[in-house]
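Colleague: Mind looking over this structure? Questions follow.
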Protein chains: 2
Amino acid sequence: MGSPTHEHYPPELSPEEEHYLLLTLKDWSIAHGLAVRPAPSFVEPSQDPTGVLATTAPVTLFPSLFPRRCFEEGLAIQTAYNELYSAIARDEEWLKSIVEELVNIDEFVRKLWQTHLAVKKEGYVQDLSLGLFRSDYMVHVDPASADSPAGLKQVEFNTIASSFGGLSSRVSALHKYLLTVDAYPASTSSIIKADALRQSKAASSLAKGLAAAHKVYGSSRTGRPLCVLFIVQDPERNVFDQRHLEYALLEESGVRSFRLPFPRTLSDTQLESDRTLVYVPPNSPSTSYEVTTIYFRAGYSPDDYPNEQDWVARLLLEKSRAIKCPSLLTHLAGCKKVQQVLATPHSPHLKRFLPDEKVASGVFATFAPIYPLDESEAGKEAIKLAQDPASAVRYVLKPQREGGGNNIYRKAIPPFLKKLPETHRPAYILMEMIEPPPLKNAILRNGEVQKGGVIGELGVYGVCLWKNGSGEDGGDILENWEAGYLLRTKGDQSEEGGVAAGFGAVDSCCLVDG
Amino acid sequence: MGSPTHEHYPPELSPEEEHYLLLTLKDWSIAHGLAVRPAPSFVEPSQDPTGVLATTAPVTLFPSLFPRRCFEEGLAIQTAYNELYSAIARDEEWLKSIVEELVNIDEFVRKLWQTHLAVKKEGYVQDLSLGLFRSDYMVHVDPASADSPAGLKQVEFNTIASSFGGLSSRVSALHKYLLTVDAYPASTSSIIKADALRQSKAASSLAKGLAAAHKVYGSSRTGRPLCVLFIVQDPERNVFDQRHLEYALLEESGVRSFRLPFPRTLSDTQLESDRTLVYVPPNSPSTSYEVTTIYFRAGYSPDDYPNEQDWVARLLLEKSRAIKCPSLLTHLAGCKKVQQVLATPHSPHLKRFLPDEKVASGVFATFAPIYPLDESEAGKEAIKLAQDPASAVRYVLKPQREGGGNNIYRKAIPPFLKKLPETHRPAYILMEMIEPPPLKNAILRNGEVQKGGVIGELGVYGVCLWKNGSGEDGGDILENWEAGYLLRTKGDQSEEGGVAAGFGAVDSCCLVDG
């Protein structure tokens, strides 16, 4: 990453070079569905009330440089992560201990747990679970010893609604196409080359995960045709990302699926007396479907539950016989608190779920030190670090909740803590900042090109299908594979990720050695 | 076409049915590049100065009904049409006799012919020619005997810039997808079924034509890498249609191509002393390419030549060694005057080009009677028909020029003729109106759905690659194949075709018997 050539990457483009690159990129992206519905700030909804306009998804003009060893490490470790999180999701007792620390602080976690208890009371009728995970990392270079090799450090682990699998496949194909048609200046030919560009198979691989769950569900109990149900937000600007999975599922596995806006759950589904879930398409009520698999692309955020009825809807889905992607306990396993207790040095937890020491130490090496803000020894230490402006600059304070947007960074931490009631502290974790190497790129968004320093976040997808077990029977993993990758790149002045939220771009990896 | 079921096609949709169909269609179209850049009336250029917005191409919601026998006839006759037009293009003497009738009336034809003569004077250095043709038809039902079977009648034959091959492949796939996901009501299941929907392979098949020319050009004379050059308009709203050919050419045949805006011809190309054409990409002037094949998607209309320099540009391209698609003589063969003399009953011309009587009579059966407006016997007869309001209602008056937009229909003909100087009459032909059967459909355009009576126009693509010959040596046809189809559908109140011009939609055929 530190070679002189790389410092001048990407190259400055002449006006003619930039014109050709952008023209090629803009046309290819629309021709291949690397698209989003335009933001209201770009196209007012009143101008396009029926929603037929689309635009190129925010993308980088160049593939970002990424250390080959880190990339390969991230992909190689994914099946261990799948194993870890499926083991956590199967360990209700342990999860309960985690959740109990949060229920009085985090209303959303409390509601999810209550929903789990309500289903449990009636008895779960489906012991299969599907995870379409994404483990997010940044490259970390120790600021104290810049010569030490770059390492991969986990930012977070997503157990629900892991997005951008569809677009990640497209953006890696885009960058490869741009190379093929010489849209990159000849001066980059020693860097951007075929064997350095990594194609992401995420769309196809995630769809195969859904197909695997669909198949293992078995034959129809009601005589109805079978389907997979995508639970979605409405409207959804990132709809093409999801559609690419839907199309791959149909084309590659012949599996029908439907998009159900989450607020329509109660009107468009029925729970049979044996808890079979039936989907009744509003356009064709006489042809209903038996749901094999529920794929949540909504329901992951408190914002998806404005009314109590929304919790009734989630409960109905969870009570059903359909395989959930993810189950409630898997959803809860994605709490930052879980990440924190796993990453707390010398904690016994990782060993509990990954008995193989070698596997566990491989996973542990990707953790950035994380501390609780509680009464434990580590917690007391953490509070000191966070209150002192001199040490706080190396940390980030994160709420336990999903979704991003509420992190407190570096020198903002001490004043924030002062105002925070002490009893609310356990709702947060303190994490050592990952210090990524300096990188540059250019991002196309809403027709504008922004250039400058960027930070890249590598997301590695994983598919895991397992059978829950209780007591002695710890359950079985039926399927477990690494499912491609995503690179998200954002301007380094912004400290939040998430392309859909308007802060970043989809990208692909240009691998470099050293 | 006249069965009671078909009279109620397409069915009325409930709001829920229409919602599902439109949502499915709008997302699929963008995800698969069935798109156009939005019209200025929909998105003002100032709102999107860099051109990143796109929208679903105007499409029909349902595949239109089309008589199976007519469809198969149109596809089967295409290779004969390819043979016919390549023979015309090889017969300079004959073409000269046609053009001589037009040079004093039609400035554009005169300029094309002069350009041909200028090249001829220096000597043509390339004797290979490529045609990517499209023969356009309508279904005709004799209004005097409604029980007689429907027949296919030719509207026009396009020898240059035959468009919509890229989108036609997409729209037939769209309608098939909509069937697969039950977006069509169950009541249509006896009509819209897999074996009734015809997929168009036009994008791939036309690209194979370009690849065939590229290959037969032979090896590089200059040591430069080889390429195909698309001569295009700029801006081009229908760019994705063209890009799909470009992508197919690269993916399926490994052939590089470039888009050259026609006005940039003189700045971005060079003619070597041996007439090799060299393309110098503005983004990378140090890597120039030798052009094997020039594919005109611009230059077909007088509007493309606002300055004398544009004719200099056309001459440069025509003088070059690159294979032209089409050559000047092939371009001229597309004159409506040619169509007229072929379709004039008992004329000797068709036999001249298609000596096999069976082949010739098959082609002749697809002609609608066409008359010249000249001094011949047929011409005098035609002028009488056109001047009499009673007979004029069965006719259309068409200028010899390409491009559409200037036809005079039915009762508008007599007053138009009155104002037209007699010497200008030969610039027009009189054609019996084709009387298509009544059809209905719904069209999505700019986010709005328009429903009602429609007229469908079937375009059949053909690829023909030949070697010119002179005198005894009549030349050889090297490649000749039918290359898929396009259905364009427009509201029946409009009498002009052409989706890009804003009057119609791309469609696919749902074949029906009888």
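Each chain in the structure tokens gets a letter, A, B and so on, in the order shown; residues start at 1 in every chain, and ligands are counted from 1 in the order they appear.
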Determine, counting only C-alpha atoms, which protein, DNA and RNA residues have an atom within 9 Å of an atom of A:Ala382; residues of the same chain fewer than 6 positions away are not included. Present the result as number ranges by chain.

Modeller: A: 370-374, 429-430

Colleague: Taking only C-alpha atoms into account, find every residue of chain A that has an atom no more than 7 Å from chain B, and write it out as a VMD selection string.

Modeller: chain A and resid 16 to 17 20 26 to 27 30 to 33 50 to 56 240 282 to 283 447

Colleague: Just write the chosen residues, all heavy atoms, as a compact mmCIF listing (two decimals), in the first residue's frame.

Modeller:
# COMPACT_ATOMS: atom_id res chain seq x y z
N GLU A 16 -10.44 14.55 -21.37
CA GLU A 16 -10.88 13.54 -22.34
C GLU A 16 -10.96 12.16 -21.68
O GLU A 16 -11.86 11.38 -21.96
CB GLU A 16 -9.92 13.47 -23.54
CG GLU A 16 -9.94 14.70 -24.44
CD GLU A 16 -9.18 15.87 -23.86
OE1 GLU A 16 -8.41 15.69 -22.88
OE2 GLU A 16 -9.34 17.00 -24.38
N GLU A 17 -9.98 11.87 -20.82
CA GLU A 17 -9.99 10.58 -20.12
C GLU A 17 -11.21 10.48 -19.21
O GLU A 17 -11.90 9.47 -19.16
CB GLU A 17 -8.71 10.40 -19.31
CG GLU A 17 -7.48 10.10 -20.15
CD GLU A 17 -6.18 10.14 -19.35
OE1 GLU A 17 -6.15 10.79 -18.27
OE2 GLU A 17 -5.19 9.54 -19.81
N TYR A 20 -14.49 10.00 -21.22
CA TYR A 20 -14.68 8.63 -21.72
C TYR A 20 -15.03 7.68 -20.59
O TYR A 20 -15.95 6.86 -20.70
CB TYR A 20 -13.40 8.18 -22.44
CG TYR A 20 -13.45 6.77 -22.95
CD1 TYR A 20 -14.33 6.41 -23.98
CD2 TYR A 20 -12.62 5.78 -22.43
CE1 TYR A 20 -14.36 5.10 -24.46
CE2 TYR A 20 -12.65 4.47 -22.91
CZ TYR A 20 -13.53 4.15 -23.91
OH TYR A 20 -13.58 2.85 -24.39
N LYS A 26 -21.53 5.40 -17.04
CA LYS A 26 -22.95 5.76 -16.88
C LYS A 26 -23.84 4.87 -17.74
O LYS A 26 -24.90 4.44 -17.29
CB LYS A 26 -23.16 7.23 -17.23
CG LYS A 26 -22.58 8.18 -16.19
CD LYS A 26 -22.93 9.63 -16.47
CE LYS A 26 -22.11 10.18 -17.59
NZ LYS A 26 -22.27 11.65 -17.75
N ASP A 27 -23.41 4.59 -18.94
CA ASP A 27 -24.22 3.73 -19.80
C ASP A 27 -24.20 2.28 -19.34
O ASP A 27 -25.23 1.61 -19.29
CB ASP A 27 -23.75 3.83 -21.26
CG ASP A 27 -24.11 5.17 -21.91
OD1 ASP A 27 -24.91 5.92 -21.30
OD2 ASP A 27 -23.60 5.45 -23.00
N ILE A 30 -26.49 1.54 -16.19
CA ILE A 30 -27.93 1.44 -16.41
C ILE A 30 -28.25 0.20 -17.25
O ILE A 30 -29.23 -0.50 -16.99
CB ILE A 30 -28.46 2.72 -17.10
CG1 ILE A 30 -28.32 3.93 -16.17
CG2 ILE A 30 -29.93 2.54 -17.50
CD1 ILE A 30 -29.12 3.88 -14.89
N ALA A 31 -27.42 -0.09 -18.21
CA ALA A 31 -27.66 -1.27 -19.05
C ALA A 31 -27.59 -2.57 -18.24
O ALA A 31 -28.13 -3.59 -18.65
CB ALA A 31 -26.65 -1.31 -20.21
N HIS A 32 -26.91 -2.53 -17.07
CA HIS A 32 -26.73 -3.75 -16.28
C HIS A 32 -27.34 -3.68 -14.88
O HIS A 32 -27.01 -4.47 -14.01
CB HIS A 32 -25.23 -4.08 -16.17
CG HIS A 32 -24.61 -4.44 -17.49
ND1 HIS A 32 -24.21 -3.49 -18.40
CD2 HIS A 32 -24.36 -5.65 -18.07
CE1 HIS A 32 -23.72 -4.10 -19.48
NE2 HIS A 32 -23.81 -5.40 -19.32
N GLY A 33 -28.22 -2.73 -14.66
CA GLY A 33 -28.96 -2.71 -13.39
C GLY A 33 -28.13 -2.32 -12.18
O GLY A 33 -28.51 -2.65 -11.05
N THR A 50 -45.01 8.01 -10.26
CA THR A 50 -45.14 6.55 -10.37
C THR A 50 -43.79 5.84 -10.26
O THR A 50 -43.74 4.62 -10.29
CB THR A 50 -45.82 6.16 -11.70
OG1 THR A 50 -45.07 6.74 -12.78
CG2 THR A 50 -47.24 6.69 -11.75
N GLY A 51 -42.70 6.61 -10.13
CA GLY A 51 -41.40 5.99 -9.87
C GLY A 51 -40.85 5.19 -11.04
O GLY A 51 -40.63 3.99 -10.92
N VAL A 52 -40.62 5.86 -12.16
CA VAL A 52 -40.00 5.15 -13.29
C VAL A 52 -38.56 5.59 -13.55
O VAL A 52 -37.87 4.98 -14.35
CB VAL A 52 -40.80 5.31 -14.61
CG1 VAL A 52 -42.13 4.57 -14.52
CG2 VAL A 52 -41.02 6.77 -14.95
N LEU A 53 -38.12 6.64 -12.87
CA LEU A 53 -36.74 7.09 -13.09
C LEU A 53 -35.76 6.30 -12.24
O LEU A 53 -36.10 5.84 -11.14
CB LEU A 53 -36.62 8.59 -12.77
CG LEU A 53 -37.26 9.55 -13.77
CD1 LEU A 53 -37.25 10.98 -13.24
CD2 LEU A 53 -36.54 9.49 -15.12
N ALA A 54 -34.58 6.15 -12.76
CA ALA A 54 -33.51 5.49 -12.03
C ALA A 54 -32.21 6.19 -12.36
O ALA A 54 -32.14 6.96 -13.32
CB ALA A 54 -33.42 4.02 -12.43
N THR A 55 -31.21 5.93 -11.56
CA THR A 55 -29.90 6.53 -11.82
C THR A 55 -28.81 5.55 -11.42
O THR A 55 -29.07 4.58 -10.69
CB THR A 55 -29.76 7.88 -11.07
OG1 THR A 55 -28.53 8.50 -11.46
CG2 THR A 55 -29.74 7.68 -9.56
N THR A 56 -27.63 5.79 -11.93
CA THR A 56 -26.48 4.98 -11.55
C THR A 56 -26.34 4.97 -10.03
O THR A 56 -26.40 6.02 -9.39
CB THR A 56 -25.21 5.58 -12.18
OG1 THR A 56 -25.35 5.53 -13.61
CG2 THR A 56 -23.97 4.83 -11.77
N PHE A 240 -33.16 -2.37 -6.64
CA PHE A 240 -32.52 -3.23 -7.64
C PHE A 240 -31.54 -4.20 -7.00
O PHE A 240 -31.38 -5.33 -7.45
CB PHE A 240 -31.85 -2.38 -8.72
CG PHE A 240 -32.82 -1.42 -9.36
CD1 PHE A 240 -32.74 -0.06 -9.11
CD2 PHE A 240 -33.85 -1.89 -10.14
CE1 PHE A 240 -33.66 0.82 -9.66
CE2 PHE A 240 -34.79 -1.01 -10.69
CZ PHE A 240 -34.69 0.34 -10.45
N PRO A 282 -52.08 -9.81 -3.38
CA PRO A 282 -53.24 -8.94 -3.54
C PRO A 282 -53.76 -8.92 -4.98
O PRO A 282 -54.94 -8.72 -5.22
CB PRO A 282 -52.71 -7.55 -3.16
CG PRO A 282 -51.46 -7.79 -2.41
CD PRO A 282 -50.91 -9.09 -2.87
N ASN A 283 -52.83 -9.17 -5.94
CA ASN A 283 -53.26 -9.13 -7.33
C ASN A 283 -53.96 -10.40 -7.76
O ASN A 283 -54.59 -10.43 -8.81
CB ASN A 283 -52.05 -8.89 -8.25
CG ASN A 283 -51.03 -10.01 -8.16
OD1 ASN A 283 -50.53 -10.30 -7.07
ND2 ASN A 283 -50.73 -10.67 -9.26
N GLY A 447 -24.86 12.25 -10.39
CA GLY A 447 -24.32 12.96 -11.54
C GLY A 447 -23.09 13.80 -11.23
O GLY A 447 -22.50 14.37 -12.14

Colleague: Can you tell me which residues surround A:His116 at a distance of at most 10 Å, considering only C-alpha atoms, apart from same-chain residues fewer than 6 positions away, and format the answer as a PyMOL selection string?

Modeller: chain A and resi 110+124+315+318-319+327-329+332

Colleague: Using DSSP secondary structure from the backbone, list all strand (DSSP E) positions within stretch 257-341 of chain A, as a list in words.

Modeller: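 Checking each residue of stretch 257-341 of chain A, the strand (DSSP E) ones are Ser257, Phe258, Arg259, Leu260, Pro261, Thr269, Gln270, Leu271, Leu277, Val278, Tyr279, Tyr289, Glu290, Val291, Thr292, Thr293, Ile294, Tyr295, Phe296, Ile323, Lys324 and Cys325 of chain A.
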
Colleague: In terms of the shortest atom-to-atom distance over only C-alpha atoms, which of B:Lys380, B:Lys336, B:Arg224, B:His331 is closest to B:Arg90?

Modeller: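 Under the stated criterion, the closest residue is B:His331.
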
Colleague: Stretch 347-375 of chain B near stretch 137-145 of chain B within 10 Å: what's each residue's closest atom pair and its distance in Å to one decimal, counting only C-alpha atoms, ordered by chain then ascending residue number, as a Markdown table?

Modeller:
| residue | atom | partner | partner_atom | distance |
| --- | --- | --- | --- | --- |
| B:Thr366 | CA | B:Tyr137 | CA | 8.2 |
| B:Phe367 | CA | B:Tyr137 | CA | 9.3 |
| B:Ala368 | CA | B:His140 | CA | 9.2 |

Colleague: Just the selected residues (all heavy atoms), exported as an mmCIF file, in the first residue's frame, please.

Modeller:
data_model
loop_
_atom_site.group_PDB
_atom_site.id
_atom_site.type_symbol
_atom_site.label_atom_id
_atom_site.label_comp_id
_atom_site.auth_asym_id
_atom_site.auth_seq_id
_atom_site.Cartn_x
_atom_site.Cartn_y
_atom_site.Cartn_z
ATOM 1 N N THR B 366 -45.632 -9.843 -50.251
ATOM 2 C CA THR B 366 -45.614 -8.982 -49.057
ATOM 3 C C THR B 366 -45.637 -7.498 -49.415
ATOM 4 O O THR B 366 -45.596 -6.658 -48.534
ATOM 5 C CB THR B 366 -44.345 -9.243 -48.203
ATOM 6 O OG1 THR B 366 -43.197 -8.854 -48.953
ATOM 7 C CG2 THR B 366 -44.234 -10.698 -47.798
ATOM 8 N N PHE B 367 -45.699 -7.175 -50.702
ATOM 9 C CA PHE B 367 -45.766 -5.766 -51.097
ATOM 10 C C PHE B 367 -47.197 -5.260 -51.043
ATOM 11 O O PHE B 367 -48.130 -5.951 -51.488
ATOM 12 C CB PHE B 367 -45.255 -5.578 -52.530
ATOM 13 C CG PHE B 367 -43.777 -5.808 -52.709
ATOM 14 C CD1 PHE B 367 -43.266 -6.083 -53.974
ATOM 15 C CD2 PHE B 367 -42.895 -5.734 -51.643
ATOM 16 C CE1 PHE B 367 -41.905 -6.287 -54.168
ATOM 17 C CE2 PHE B 367 -41.538 -5.934 -51.826
ATOM 18 C CZ PHE B 367 -41.043 -6.221 -53.090
ATOM 19 N N ALA B 368 -47.384 -4.057 -50.543
ATOM 20 C CA ALA B 368 -48.653 -3.359 -50.744
ATOM 21 C C ALA B 368 -48.505 -2.602 -52.063
ATOM 22 O O ALA B 368 -47.419 -2.120 -52.375
ATOM 23 C CB ALA B 368 -48.900 -2.389 -49.604
#

Colleague: Can you tell me how far atom CA of A:Trp113 sits from atom CA of A:Leu229, in Å to one decimal?

Modeller: 22.9 Å

Colleague: Would you pick out the contacts of B:Gln78 at 10 Å or less, using only C-alpha atoms, so that residues sharing its chain but fewer than 2 positions from it are not included, and give the list as a list of chain:residue names?

Modeller: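 Residues meeting the cut-off are B:Glu73, B:Gly74, B:Leu75, B:Ala76, B:Ala80, B:Tyr81, B:Asn82, B:Glu83, B:Leu84, B:Phe133, B:Arg134, B:Ser135, B:Val363, B:Val460, B:Tyr461, B:Gly462, B:Val463, B:Asn480, B:Trp481, B:Glu482, B:Ala483, B:Gly484.
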
Colleague: Report as a list in words all protein, DNA and RNA residues lying within 12 Å of A:Gly469, evaluated on only C-alpha atoms, omitting residues in the same chain fewer than 4 positions from it.

Modeller: Ser86, Ala87, Ile88, Ala89, Arg90, Asp91, Glu92, Tyr124, Gln126, Asp127, Leu128, Ser129, Asp473, Gly474, Gly475, Asp476 and Ile477 of chain A

Colleague: Could you name the residues that touch B:Leu260 at 7 Å or less, counting only C-alpha atoms, but leaving out those on the same chain fewer than 3 positions away, as a list in words?

Modeller: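 Listed by chain and then number, they are Leu229, Phe230, Ile231, Val232, Arg264 and Thr265 of chain B.
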
Colleague: Just the selected residues (N, CA, C and O atoms), exported as a short mmCIF file (atom, residue, chain, number, x, y, z; two decimals), in the first residue's frame, please.

Modeller:
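The file below, again-v1.cif, is the result:
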data_model
loop_
_atom_site.label_atom_id
_atom_site.label_comp_id
_atom_site.auth_asym_id
_atom_site.auth_seq_id
_atom_site.Cartn_x
_atom_site.Cartn_y
_atom_site.Cartn_z
N LEU B 229 -16.32 0.61 -35.54
CA LEU B 229 -16.66 1.98 -35.17
C LEU B 229 -18.17 2.20 -35.33
O LEU B 229 -18.71 2.00 -36.41
N PHE B 230 -18.84 2.56 -34.20
CA PHE B 230 -20.25 2.93 -34.26
C PHE B 230 -20.31 4.44 -34.50
O PHE B 230 -19.84 5.20 -33.64
N ILE B 231 -20.86 4.88 -35.62
CA ILE B 231 -21.03 6.31 -35.86
C ILE B 231 -22.39 6.69 -35.28
O ILE B 231 -23.42 6.15 -35.69
N VAL B 232 -22.37 7.60 -34.29
CA VAL B 232 -23.60 7.84 -33.53
C VAL B 232 -23.97 9.32 -33.47
O VAL B 232 -23.14 10.19 -33.74
N ARG B 264 -17.65 14.36 -34.81
CA ARG B 264 -16.24 14.29 -34.42
C ARG B 264 -15.40 13.45 -35.39
O ARG B 264 -14.22 13.21 -35.13
N THR B 265 -16.02 13.04 -36.48
CA THR B 265 -15.33 12.16 -37.42
C THR B 265 -13.98 12.72 -37.87
O THR B 265 -12.95 12.03 -37.81
#

Colleague: Which one is closest to B:Ile434: B:Pro10, B:Gly123, B:Gly453, B:Gly151? Count only C-alpha atoms.

Modeller: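 Going through B:Pro10, B:Gly123, B:Gly453, B:Gly151 one by one, the smallest distance to B:Ile434 is for B:Gly151.
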
Colleague: Hey, what's within 12 Å of A:Met431 if we count only C-alpha atoms and toss same-chain stuff fewer than 6 positions away? As JSON, numbers by chain, please?

Modeller: {"A": [153, 154, 155, 156, 336, 337, 339, 340, 341, 343, 344, 367, 368, 369, 370, 371, 372, 373, 379, 382, 383, 385, 386, 391, 392, 393, 394, 395, 396, 397, 398, 399, 400, 407, 408, 409, 410, 413]}

Colleague: Using DSSP on the backbone coordinates, identify all residues within stretch 91-161 of chain B classified as alpha helix (DSSP H); present the result as a short mmCIF file (atom, residue, chain, number, x, y, z; two decimals) with C-alpha atoms, in the first residue's frame.

Modeller:
data_model
loop_
_atom_site.label_atom_id
_atom_site.label_comp_id
_atom_site.auth_asym_id
_atom_site.auth_seq_id
_atom_site.Cartn_x
_atom_site.Cartn_y
_atom_site.Cartn_z
CA GLU B 92 -24.93 0.53 -59.73
CA GLU B 93 -26.35 1.00 -63.22
CA TRP B 94 -29.86 0.22 -62.07
CA LEU B 95 -29.55 2.32 -58.92
CA LYS B 96 -28.31 5.19 -61.04
CA SER B 97 -31.52 5.11 -63.08
CA ILE B 98 -33.52 5.36 -59.87
CA VAL B 99 -31.40 8.06 -58.34
CA GLU B 100 -31.49 10.16 -61.52
CA GLU B 107 -31.07 17.15 -52.05
CA PHE B 108 -30.13 14.37 -49.64
CA VAL B 109 -30.22 11.66 -52.29
CA ARG B 110 -28.25 13.93 -54.59
CA LYS B 111 -25.56 14.43 -51.96
CA LEU B 112 -25.32 10.71 -51.25
CA TRP B 113 -24.96 9.96 -54.94
CA GLN B 114 -22.34 12.66 -55.42
CA THR B 115 -20.42 11.21 -52.52
CA HIS B 116 -20.56 7.80 -54.19
CA LEU B 117 -19.29 9.29 -57.45
CA ALA B 118 -16.47 11.04 -55.63
CA VAL B 119 -15.33 7.79 -54.04
CA LYS B 120 -15.72 5.94 -57.32
CA LYS B 121 -13.50 8.45 -59.07
CA GLU B 122 -10.66 7.63 -56.72
#
